[in-house]
file protein-v9.cif (mmCIF, C-alpha atoms)
data_model
loop_
_atom_site.label_atom_id
_atom_site.label_comp_id
_atom_site.auth_asym_id
_atom_site.auth_seq_id
_atom_site.Cartn_x
_atom_site.Cartn_y
_atom_site.Cartn_z
CA MET A 346 0.00 0.00 0.00
CA SER A 347 1.12 3.54 -0.70
CA SER A 348 1.57 6.13 2.04
CA HIS A 349 -1.62 7.87 0.95
CA GLN A 350 -3.63 4.64 1.10
CA LEU A 351 -2.32 3.96 4.61
CA GLN A 352 -3.35 7.44 5.69
CA VAL A 353 -6.86 6.94 4.33
CA LEU A 354 -7.11 3.48 5.92
CA PHE A 355 -6.14 4.74 9.37
CA LEU A 356 -8.51 7.69 9.02
CA ASP A 357 -11.35 5.37 7.94
CA LEU A 358 -10.78 3.03 10.88
CA ALA A 359 -10.84 5.97 13.28
CA ILE A 360 -14.09 7.30 11.78
CA ILE A 361 -15.71 3.87 11.92
CA LEU A 362 -14.77 3.31 15.57
CA VAL A 363 -15.87 6.80 16.68
CA LEU A 364 -19.26 6.55 14.97
CA ALA A 365 -19.85 2.93 16.00
CA ARG A 366 -18.92 3.60 19.64
CA GLY A 367 -20.98 6.76 19.73
CA LEU A 368 -24.13 5.24 18.27
CA GLY A 369 -23.61 2.06 20.30
CA HIS A 370 -23.50 4.18 23.47
CA LEU A 371 -26.64 6.05 22.43
CA ALA A 372 -28.38 2.73 21.80
CA SER A 373 -27.44 1.57 25.31
CA ARG A 374 -28.82 4.80 26.78
CA ILE A 375 -32.24 4.01 25.32
CA GLN A 376 -32.03 0.41 26.54
CA GLN A 377 -31.14 -1.12 23.21
CA PRO A 378 -28.27 -3.55 22.50
CA PRO A 379 -25.16 -1.60 21.37
CA VAL A 380 -25.10 -3.71 18.19
CA VAL A 381 -28.19 -1.79 17.00
CA GLY A 382 -26.25 1.48 17.02
CA GLU A 383 -23.23 -0.15 15.40
CA ILE A 384 -25.33 -1.55 12.56
CA LEU A 385 -26.92 1.88 12.05
CA ALA A 386 -23.41 3.36 11.86
CA GLY A 387 -22.66 1.00 8.99
CA VAL A 388 -25.84 1.99 7.18
CA LEU A 389 -25.15 5.71 7.66
CA LEU A 390 -21.65 5.36 6.22
CA GLY A 391 -23.00 3.48 3.20
CA PRO A 392 -24.56 4.76 -0.03
CA THR A 393 -27.94 5.60 1.55
CA LEU A 394 -26.84 9.15 2.49
CA LEU A 395 -26.15 11.73 -0.23
CA ASP A 396 -26.61 9.14 -2.98
CA GLY A 397 -23.32 7.47 -2.10
CA ALA A 398 -21.16 10.62 -2.33
CA LEU A 399 -20.18 10.45 1.35
CA SER A 400 -19.37 6.76 1.15
CA ASP A 401 -17.26 7.13 -2.00
CA THR A 402 -15.32 10.05 -0.52
CA LEU A 403 -14.57 8.43 2.86
CA PHE A 404 -13.95 4.93 1.54
CA PRO A 405 -12.25 5.03 -1.89
CA ALA A 406 -12.19 1.88 -4.00
CA ASP A 407 -8.49 1.16 -3.42
CA VAL A 408 -8.97 0.97 0.37
CA ARG A 409 -12.16 -1.09 0.46
CA PRO A 410 -10.45 -4.48 -0.15
CA VAL A 411 -8.33 -3.94 2.97
CA LEU A 412 -11.41 -2.96 4.99
CA SER A 413 -13.13 -6.09 3.67
CA GLY A 414 -10.24 -8.23 4.90
CA VAL A 415 -10.42 -6.65 8.36
CA ALA A 416 -14.21 -7.17 8.35
CA ASN A 417 -13.87 -10.86 7.47
CA LEU A 418 -11.38 -11.35 10.30
CA GLY A 419 -13.82 -9.69 12.70
CA VAL A 420 -16.77 -11.84 11.71
CA ALA A 421 -14.66 -15.01 11.82
CA LEU A 422 -13.63 -14.23 15.40
CA PHE A 423 -17.24 -13.40 16.25
CA MET A 424 -18.40 -16.80 15.00
CA PHE A 425 -15.57 -18.45 16.97
CA VAL A 426 -16.94 -16.75 20.11
CA VAL A 427 -20.47 -17.94 19.25
CA GLY A 428 -19.20 -21.51 19.08
CA LEU A 429 -17.21 -21.00 22.28
CA GLU A 430 -20.31 -19.77 24.14
CA LEU A 431 -22.46 -22.75 23.18
CA GLU A 432 -22.53 -25.42 25.85
CA ALA A 433 -23.89 -28.93 25.46
CA THR A 434 -25.51 -28.46 28.86
CA THR A 435 -27.23 -25.32 27.61
CA MET A 436 -29.28 -27.29 25.09
CA LYS A 437 -30.55 -29.87 27.54
CA GLY A 438 -31.95 -29.99 31.04
CA HIS A 439 -35.15 -28.04 30.40
CA GLY A 440 -37.28 -30.93 29.15
CA ARG A 441 -40.18 -30.68 26.80
CA ALA A 442 -40.47 -26.87 27.14
CA THR A 443 -37.20 -26.37 25.26
CA VAL A 444 -38.01 -29.02 22.64
CA ALA A 445 -41.47 -27.61 21.93
CA ALA A 446 -40.29 -23.99 21.85
CA ALA A 447 -37.30 -24.86 19.63
CA VAL A 448 -39.46 -26.73 17.13
CA GLY A 449 -41.99 -23.90 17.03
CA SER A 450 -39.26 -21.26 16.78
CA THR A 451 -37.61 -23.06 13.87
CA ALA A 452 -40.31 -24.79 11.83
CA VAL A 453 -43.05 -22.12 11.82
CA PRO A 454 -40.88 -19.15 10.78
CA PHE A 455 -39.08 -21.32 8.22
CA LEU A 456 -42.36 -22.28 6.56
CA CYS A 457 -43.52 -18.66 6.71
CA GLY A 458 -40.20 -17.65 5.14
CA VAL A 459 -40.68 -20.15 2.33
CA ALA A 460 -44.06 -18.58 1.58
CA LEU A 461 -42.44 -15.13 1.72
CA ALA A 462 -39.78 -16.22 -0.77
CA PHE A 463 -42.41 -17.26 -3.31
CA ALA A 464 -44.10 -13.87 -2.85
CA LEU A 465 -40.79 -12.05 -3.42
CA LEU A 466 -39.68 -14.06 -6.46
CA PRO A 467 -41.55 -12.03 -9.13
CA GLY A 468 -39.82 -8.79 -8.13
CA HIS A 469 -36.23 -10.05 -8.03
CA GLU A 470 -33.84 -11.81 -10.37
CA VAL A 471 -32.87 -15.12 -8.77
CA ARG A 472 -30.46 -17.54 -10.41
CA ASP A 473 -31.38 -20.53 -8.22
CA ARG A 474 -35.02 -20.40 -7.18
CA ALA A 475 -35.02 -23.49 -4.95
CA THR A 476 -31.95 -22.38 -2.98
CA PHE A 477 -33.36 -18.86 -2.71
CA VAL A 478 -36.57 -20.20 -1.18
CA VAL A 479 -34.65 -22.26 1.39
CA PHE A 480 -32.33 -19.36 2.18
CA VAL A 481 -35.15 -16.89 2.87
CA GLY A 482 -36.76 -19.47 5.14
CA LEU A 483 -33.51 -19.74 7.10
CA ALA A 484 -33.00 -15.98 7.19
CA VAL A 485 -36.30 -15.28 8.94
CA SER A 486 -36.02 -18.21 11.37
CA VAL A 487 -32.65 -17.34 12.95
CA THR A 488 -32.14 -15.99 16.49
CA ALA A 489 -29.10 -14.02 17.65
CA PHE A 490 -27.78 -16.18 20.49
CA PRO A 491 -25.06 -13.70 21.65
CA VAL A 492 -27.46 -10.72 21.68
CA LEU A 493 -30.13 -12.75 23.46
CA ALA A 494 -27.65 -13.84 26.14
CA ARG A 495 -26.70 -10.23 26.79
CA ILE A 496 -30.32 -9.10 26.97
CA LEU A 497 -31.00 -11.81 29.56
CA THR A 498 -28.02 -10.66 31.63
CA GLU A 499 -28.98 -6.98 31.45
CA ARG A 500 -32.56 -7.73 32.53
CA GLY A 501 -31.61 -10.13 35.30
CA LEU A 502 -33.20 -13.10 33.54
CA SER A 503 -30.09 -15.18 32.89
CA ARG A 504 -30.50 -17.28 36.06
CA THR A 505 -34.28 -17.61 35.87
CA ALA A 506 -36.19 -20.61 34.54
CA ILE A 507 -37.44 -18.75 31.47
CA GLY A 508 -33.89 -17.47 30.82
CA GLY A 509 -32.57 -21.02 30.81
CA ILE A 510 -35.26 -22.12 28.37
CA ALA A 511 -34.52 -19.12 26.13
CA LEU A 512 -30.79 -19.89 26.02
CA ALA A 513 -31.39 -23.57 25.32
CA THR A 514 -33.92 -22.78 22.59
CA ALA A 515 -31.71 -20.16 20.94
CA ALA A 516 -28.71 -22.51 21.01
CA PHE A 517 -30.73 -25.25 19.31
CA VAL A 518 -32.12 -22.84 16.69
CA ASP A 519 -28.66 -21.45 15.90
CA VAL A 520 -27.08 -24.90 15.51
CA VAL A 521 -29.88 -25.92 13.14
CA ALA A 522 -29.62 -22.65 11.21
CA TRP A 523 -25.84 -22.78 10.77
CA SER A 524 -25.96 -26.45 9.77
CA ALA A 525 -28.65 -25.75 7.18
CA LEU A 526 -26.80 -22.68 5.94
CA ALA A 527 -23.68 -24.81 5.50
CA GLY A 528 -25.76 -27.05 3.23
CA VAL A 529 -26.96 -24.04 1.23
CA ASN A 530 -23.40 -22.76 0.94
CA ALA A 531 -22.21 -26.18 -0.20
CA SER A 532 -24.81 -26.32 -2.96
CA VAL A 533 -23.93 -22.97 -4.55
CA GLY A 534 -20.74 -21.68 -2.95
CA ALA A 535 -18.02 -23.93 -4.35
CA GLY A 536 -18.13 -22.59 -7.89
CA GLY A 537 -17.49 -25.44 -10.31
CA ASP A 538 -15.51 -27.45 -7.78
CA HIS A 539 -18.30 -28.98 -5.73
CA TRP A 540 -16.10 -32.00 -5.01
CA ARG A 541 -14.20 -29.86 -2.50
CA VAL A 542 -17.26 -29.76 -0.24
CA LEU A 543 -16.92 -33.55 0.18
CA LEU A 544 -13.75 -32.82 2.16
CA MET A 545 -15.95 -31.46 4.96
CA ALA A 546 -16.80 -34.99 6.13
CA PRO A 547 -13.20 -36.09 6.81
CA TYR A 548 -12.43 -32.60 8.10
CA LEU A 549 -15.19 -32.86 10.72
CA ALA A 550 -13.92 -36.30 11.70
CA VAL A 551 -10.37 -35.00 12.14
CA MET A 552 -11.52 -31.97 14.14
CA VAL A 553 -13.62 -34.04 16.54
CA GLY A 554 -11.48 -37.18 16.70
CA VAL A 555 -7.96 -35.74 16.54
CA VAL A 556 -7.82 -31.96 17.09
CA ARG A 557 -10.22 -31.91 20.03
CA PRO A 558 -8.24 -34.50 22.10
CA LEU A 559 -4.98 -32.72 21.22
CA LEU A 560 -6.42 -29.41 22.39
CA ARG A 561 -7.48 -30.98 25.66
CA ARG A 562 -4.03 -32.51 26.19
CA CYS A 563 -2.33 -29.21 25.33
CA LEU A 564 -4.60 -26.85 27.24
CA VAL A 565 -6.00 -28.81 30.19
CA PRO A 566 -3.60 -30.56 32.63
CA ARG A 567 -4.84 -33.85 34.03
CA ASP A 568 -4.37 -33.07 37.70
CA ARG A 569 -5.70 -29.49 37.90
CA PRO A 570 -8.00 -27.01 36.11
CA ALA A 571 -6.59 -25.24 33.06
CA GLU A 572 -4.96 -21.89 33.78
CA PRO A 573 -5.33 -19.06 31.26
CA GLY A 574 -2.35 -17.35 29.68
CA PRO A 575 -1.12 -15.57 26.53
CA LEU A 576 0.43 -18.74 25.07
CA LYS A 577 -2.76 -20.77 25.42
CA PHE A 578 -4.80 -17.91 23.95
CA ALA A 579 -2.40 -17.81 20.99
CA VAL A 580 -2.82 -21.57 20.45
CA VAL A 581 -6.61 -21.28 20.41
CA LEU A 582 -6.62 -18.20 18.17
CA ILE A 583 -4.22 -19.79 15.66
CA GLY A 584 -6.41 -22.90 15.59
CA ALA A 585 -9.54 -20.84 14.90
CA LEU A 586 -7.85 -18.98 12.04
CA LEU A 587 -6.47 -22.20 10.50
CA SER A 588 -9.91 -23.82 10.73
CA ALA A 589 -11.49 -20.79 9.05
CA ALA A 590 -8.90 -20.96 6.26
CA ALA A 591 -9.55 -24.68 5.81
CA THR A 592 -13.30 -24.38 5.33
CA GLU A 593 -12.80 -21.44 2.98
CA ALA A 594 -10.45 -23.60 0.90
CA MET A 595 -13.11 -26.33 0.75
CA GLY A 596 -15.60 -23.96 -0.88
CA MET A 597 -17.43 -23.34 2.38
CA HIS A 598 -17.53 -19.96 4.10
CA HIS A 599 -14.74 -19.27 6.60
CA ILE A 600 -17.24 -18.60 9.40
CA PHE A 601 -18.09 -22.32 9.56
CA GLY A 602 -14.50 -23.26 10.33
CA ALA A 603 -14.22 -20.60 13.04
CA PHE A 604 -17.56 -21.63 14.54
CA LEU A 605 -16.59 -25.31 14.55
CA PHE A 606 -13.29 -24.60 16.30
CA GLY A 607 -15.14 -22.69 19.00
CA LEU A 608 -17.35 -25.74 19.53
CA ILE A 609 -14.42 -28.13 20.07
CA VAL A 610 -12.48 -25.99 22.57
CA PRO A 611 -12.40 -28.06 25.81
CA ARG A 612 -15.19 -27.39 28.32
CA GLU A 613 -14.53 -29.68 31.28
CA GLY A 614 -11.90 -28.29 33.63
CA ALA A 615 -11.33 -25.26 31.40
CA ARG A 616 -13.83 -22.69 32.69
CA ALA A 617 -11.18 -20.08 33.56
CA LEU A 618 -9.32 -20.69 30.29
CA ARG A 619 -12.47 -20.33 28.20
CA ALA A 620 -13.46 -17.17 30.05
CA ASP A 621 -10.01 -15.69 29.35
CA VAL A 622 -10.16 -16.65 25.65
CA HIS A 623 -13.68 -15.25 25.43
CA ASP A 624 -12.68 -11.93 27.00
CA ARG A 625 -9.54 -11.50 24.91
CA THR A 626 -11.33 -12.37 21.67
CA SER A 627 -14.27 -10.13 22.53
CA HIS A 628 -11.86 -7.21 22.92
CA LEU A 629 -10.63 -7.87 19.38
CA THR A 630 -14.11 -8.21 17.91
CA SER A 631 -15.26 -4.99 19.61
CA ILE A 632 -12.72 -3.22 17.37
CA LEU A 633 -13.05 -5.33 14.22
CA LEU A 634 -16.82 -5.87 14.00
CA PRO A 635 -17.70 -2.17 13.42
CA VAL A 636 -15.61 -2.48 10.25
CA TYR A 637 -17.80 -5.42 9.22
CA PHE A 638 -20.93 -3.31 9.74
CA VAL A 639 -19.55 -0.61 7.48
CA VAL A 640 -18.50 -3.08 4.77
CA ALA A 641 -21.98 -4.62 4.99
CA GLY A 642 -23.43 -1.12 4.81
CA PHE A 643 -21.71 -0.53 1.45
CA GLN A 644 -24.43 -2.75 -0.06
CA VAL A 645 -27.36 -1.17 1.84
CA ASP A 646 -28.99 1.57 -0.21
CA LEU A 647 -32.34 2.71 1.13
CA GLY A 648 -32.38 5.93 -0.87
CA GLY A 649 -34.19 4.38 -3.82
CA VAL A 650 -36.82 2.41 -1.90
CA GLY A 651 -40.15 3.28 -3.50
CA VAL A 652 -43.71 2.24 -2.81
CA ALA A 653 -43.08 -1.29 -4.05
CA GLY A 654 -40.03 -1.55 -1.80
CA LEU A 655 -42.00 -0.34 1.22
CA ARG A 656 -44.67 -2.95 0.51
CA GLU A 657 -42.00 -5.65 0.39
CA LEU A 658 -40.47 -4.36 3.62
CA GLY A 659 -43.85 -4.45 5.34
CA LEU A 660 -44.40 -8.02 4.16
CA ILE A 661 -40.90 -9.09 5.29
CA LEU A 662 -41.42 -7.56 8.74
CA LEU A 663 -44.87 -9.10 9.09
CA VAL A 664 -43.67 -12.59 8.19
CA ALA A 665 -40.50 -12.34 10.30
CA VAL A 666 -42.24 -11.10 13.45
CA VAL A 667 -45.44 -13.13 13.25
CA GLY A 668 -43.63 -16.32 12.21
CA LYS A 669 -40.99 -16.14 14.93
CA PHE A 670 -43.15 -14.80 17.75
CA GLY A 671 -46.15 -16.93 16.87
CA GLY A 672 -44.17 -20.14 16.34
CA THR A 673 -42.28 -19.79 19.61
CA TYR A 674 -45.43 -18.87 21.54
CA LEU A 675 -47.40 -21.81 20.18
CA GLY A 676 -44.53 -24.20 20.90
CA ALA A 677 -44.18 -22.92 24.47
CA ARG A 678 -47.92 -23.11 25.10
CA ALA A 679 -47.97 -26.67 23.72
CA ALA A 680 -45.53 -27.51 26.52
CA LYS A 681 -48.03 -25.91 28.94
CA LEU A 682 -45.92 -22.87 29.79
CA PRO A 683 -48.06 -19.99 31.14
CA PRO A 684 -49.16 -17.36 28.59
CA ARG A 685 -46.98 -14.56 29.94
CA SER A 686 -43.86 -16.74 30.11
CA ALA A 687 -44.54 -18.04 26.60
CA ALA A 688 -44.85 -14.44 25.36
CA THR A 689 -41.57 -13.49 27.08
CA LEU A 690 -39.83 -16.40 25.40
CA ALA A 691 -41.32 -15.48 22.02
CA ALA A 692 -40.16 -11.87 22.34
CA LEU A 693 -36.63 -12.99 23.20
CA MET A 694 -36.44 -15.38 20.26
CA ASN A 695 -37.46 -12.59 17.85
CA THR A 696 -34.12 -10.79 18.26
CA ARG A 697 -31.77 -11.28 15.30
CA GLY A 698 -28.91 -8.78 15.58
CA LEU A 699 -25.50 -9.49 14.07
CA THR A 700 -26.27 -13.17 13.45
CA GLU A 701 -28.86 -12.16 10.88
CA LEU A 702 -26.43 -9.71 9.28
CA VAL A 703 -23.82 -12.47 8.86
CA ILE A 704 -26.36 -14.77 7.21
CA LEU A 705 -27.56 -12.01 4.89
CA GLY A 706 -23.96 -11.24 3.95
CA ILE A 707 -23.47 -14.85 2.91
CA GLY A 708 -26.66 -14.71 0.85
CA LEU A 709 -25.43 -11.57 -0.93
CA GLN A 710 -22.01 -13.11 -1.54
CA LEU A 711 -23.57 -16.27 -3.00
CA GLY A 712 -25.83 -14.24 -5.29
CA LEU A 713 -29.02 -15.40 -3.55
CA LEU A 714 -29.99 -11.82 -2.66
CA ASP A 715 -29.79 -8.72 -4.81
CA ASN A 716 -28.83 -5.39 -3.24
CA ALA A 717 -32.42 -4.18 -2.96
CA LEU A 718 -33.65 -7.26 -1.08
CA TYR A 719 -30.49 -7.36 1.02
CA SER A 720 -31.12 -3.77 2.12
CA LEU A 721 -34.70 -4.56 3.14
CA MET A 722 -33.64 -7.66 5.07
CA VAL A 723 -31.02 -5.63 6.97
CA VAL A 724 -33.77 -3.22 8.02
CA MET A 725 -35.77 -6.24 9.23
CA ALA A 726 -32.79 -7.39 11.32
CA VAL A 727 -32.52 -3.99 12.97
CA VAL A 728 -36.24 -3.56 13.58
CA THR A 729 -36.76 -7.01 15.10
CA THR A 730 -33.78 -6.50 17.42
CA VAL A 731 -35.03 -3.05 18.46
CA MET A 732 -38.47 -4.52 19.18
CA THR A 733 -37.19 -6.98 21.77
CA GLY A 734 -36.63 -4.55 24.64
CA PRO A 735 -39.96 -2.70 24.44
CA LEU A 736 -41.84 -5.98 23.94
CA LEU A 737 -40.26 -7.48 27.04
CA THR A 738 -41.03 -4.35 29.06
CA ARG A 739 -44.65 -4.43 28.00
CA ILE A 740 -45.03 -8.15 28.69
CA GLU A 741 -43.35 -7.96 32.08
CA ALA A 742 -45.23 -4.80 33.11
CA GLY A 743 -48.36 -6.74 34.02
CA ARG A 744 -46.58 -9.57 35.83
CA PRO A 745 -47.84 -9.84 39.42
CA LYS A 746 -45.36 -9.55 42.29
CA SER A 747 -46.08 -13.12 43.30
CA ASP A 748 -44.77 -14.16 39.88
CA THR A 749 -46.99 -17.21 39.59
CA ASP A 750 -45.90 -17.65 35.98
CA ALA A 751 -42.30 -18.20 37.06
CA ASP A 752 -43.40 -20.72 39.67
CA THR A 753 -45.39 -22.59 37.04
CA VAL A 754 -42.39 -22.59 34.68
CA ARG A 755 -40.22 -24.14 37.39
CA GLU A 756 -42.90 -26.76 38.02
CA ARG A 757 -43.06 -27.61 34.29
CA ILE A 758 -39.29 -27.97 34.09
CA GLY A 759 -39.19 -30.09 37.21
CA ALA A 760 -41.96 -32.30 35.86
CA ALA A 761 -40.40 -32.69 32.44
CA PRO A 762 -38.68 -35.97 31.65
#
call {"tool": "encode", "arguments": {"input": "protein-v9.cif", "output": "structure tokens"}}
result
Amino acid sequence: MSSHQLQVLFLDLAIILVLARGLGHLASRIQQPPVVGEILAGVLLGPTLLDGALSDTLFPADVRPVLSGVANLGVALFMFVVGLELEATTMKGHGRATVAAAVGSTAVPFLCGVALAFALLPGHEVRDRATFVVFVGLAVSVTAFPVLARILTERGLSRTAIGGIALATAAFVDVVAWSALAGVNASVGAGGDHWRVLLMAPYLAVMVGVVRPLLRRCLVPRDRPAEPGPLKFAVVLIGALLSAAATEAMGMHHIFGAFLFGLIVPREGARALRADVHDRTSHLTSILLPVYFVVAGFQVDLGGVGVAGLRELGLILLVAVVGKFGGTYLGARAAKLPPRSAATLAALMNTRGLTELVILGIGLQLGLLDNALYSLMVVMAVVTTVMTGPLLTRIEAGRPKSDTDADTVRERIGAAP
């Protein structure tokens, strides 16, 4: 890079961080997740304002590839953290309530999304109609596990019965969504070399059967709990990056490799080590992810949304909210959870956040979404995440002090097989 390009890059990174931090702080002040403000920062720095003049001036074409590389590193580390946060114990232990809510939160919005895809087809050029239909179904059925976990913590729900069900349900939904998305990516993302995707099977076997035991032997001593440290963090980080590179080479997206490596990091006897890795990586992603939001915002142009676009946006929002909220609520009620607790769970599962943005980015990269539809889906991700806080406040406002709903939830969990 030339000296001038370096100057522009450093200036761009500073602008991105200032705006993302500022809007993230403002979002927190109005009781919204900071990620909402950070996503808005990306949209504001994109082509929506001033017909792209601001974006083109601040982020010239010769600097954007470097920003894209930084953004991909940020999202890879984010997906590693998502995998690291998922616990096998999180997805079990809550009986039929979790199973019913997870099925409702996955199947109903997916089917609604399939119907939405058929409604959107006439207005958009799609090269693979079947894959497009499946992708839209996945896009409206996802839940942002990291954002949901933070909302539970901020509202003091993380150690409650309904908080445990919400975490277990979101973990199940995310695993299903990422697995299905891997299948979508495999079908259209390997170019003409689809044979490379077949390497995923032996790769998974090696990761689980060889790399996981080696990690445990390297990181967790037999006679005492694992102690954190810079060297162990470096080992884990290098492994995540190598895994991301491997899946990218196989024609899959690099996020799958990073996510998988987070899943195989040792759990037993490594609580302090995992907490240290989580904290260190989160510090990196807090700097790198705002760059991802801006790079994603380069493709979001809301300036040309006309009446037809607003109609599509209304339909997308209706399907996303009703499908997710309604499916989760019906599933929870089928497990005999009380109405208010079922509504709380449904509101929590409706949050999408950065997870949705990552999925939409993959869809755009694979050519499954055009820029217009991508822009509308990003708005849906923001709106549904913003809705979560006010919905929870409204639902919880009428809860009696005796909290009979919570008692009933505990009874249901205790009675579940």
call {"tool": "resolve_selection", "arguments": {"input": "protein-v9.cif", "expression": "the PyMOL selection byres ((chain A and resi 665) around 10)", "output": "list of chain:residue names"}}
result
A:Pro454, A:Phe455, A:Cys457, A:Gly458, A:Leu461, A:Gly482, A:Ala484, A:Val485, A:Ser486, A:Val487, A:Gly659, A:Leu660, A:Ile661, A:Leu662, A:Leu663, A:Val664, A:Val666, A:Val667, A:Gly668, A:Lys669, A:Phe670, A:Gly671, A:Asn695, A:Met722, A:Met725, A:Ala726, A:Thr729
call {"tool": "residues_around", "arguments": {"input": "protein-v9.cif", "residues": "Leu586 (chain A)", "least_positions_apart": "2", "cutoff": "10 Å", "atoms": "only C-alpha atoms", "output": "list of chain:residue names"}}
result
A:Leu418, A:Ala421, A:Leu422, A:Phe425, A:Val581, A:Leu582, A:Ile583, A:Gly584, A:Ser588, A:Ala589, A:Ala590, A:Ala591, A:His599, A:Ile600, A:Gly602, A:Ala603, A:Phe606
call {"tool": "residues_around", "arguments": {"input": "protein-v9.cif", "residues": "Gly574 (chain A)", "least_positions_apart": "6", "cutoff": "9 Å", "atoms": "only C-alpha atoms", "output": "PyMOL selection string"}}
result
chain A and resi 618+621-622
call {"tool": "resolve_selection", "arguments": {"input": "protein-v9.cif", "expression": "the PyMOL selection byres ((chain A and resi 740) around 9)", "output": "JSON, numbers by chain"}}
result
{"A": [685, 686, 688, 689, 692, 735, 736, 737, 738, 739, 741, 742, 743, 744]}
call {"tool": "atom_distance", "arguments": {"input": "protein-v9.cif", "atom1": "CA of Leu429 (chain A)", "atom2": "CA of Leu690 (chain A)"}}
result
23.3 Å
call {"tool": "residues_around", "arguments": {"input": "protein-v9.cif", "residues": "region 378-395 of chain A", "least_positions_apart": "5", "cutoff": "9 Å", "atoms": "only C-alpha atoms", "output": "ChimeraX atom specification"}}
result
/A:361,364-373,400-401,403,492,495-496,634-649,698-699,702,723,727-728,730-731,734
call {"tool": "closest_residue", "arguments": {"input": "protein-v9.cif", "among": "A:Val551, A:Leu564, A:Leu483, A:Ala691", "to": "Ala511 (chain A)", "atoms": "all atoms listed in the file"}}
result
A:Ala691
call {"tool": "closest_residue", "arguments": {"input": "protein-v9.cif", "among": "A:Ala460, A:Val610, A:Leu543, A:Met552", "to": "Val479 (chain A)", "atoms": "all atoms listed in the file"}}
result
A:Ala460
call {"tool": "closest_residue", "arguments": {"input": "protein-v9.cif", "among": "A:Gly397, A:Arg474, A:Ala531, A:Val408", "to": "Leu356 (chain A)", "atoms": "all atoms listed in the file"}}
result
A:Val408
call {"tool": "closest_residue", "arguments": {"input": "protein-v9.cif", "among": "A:Leu711, A:Leu633, A:Val703, A:Leu549", "to": "Ala359 (chain A)", "atoms": "all atoms listed in the file"}}
result
A:Leu633
call {"tool": "resolve_selection", "arguments": {"input": "protein-v9.cif", "expression": "the PyMOL selection byres ((chain A and resi 526) around 10)", "output": "JSON, numbers by chain"}}
result
{"A": [479, 480, 483, 484, 520, 521, 522, 523, 524, 525, 527, 528, 529, 530, 531, 532, 598, 601, 704, 707, 708]}
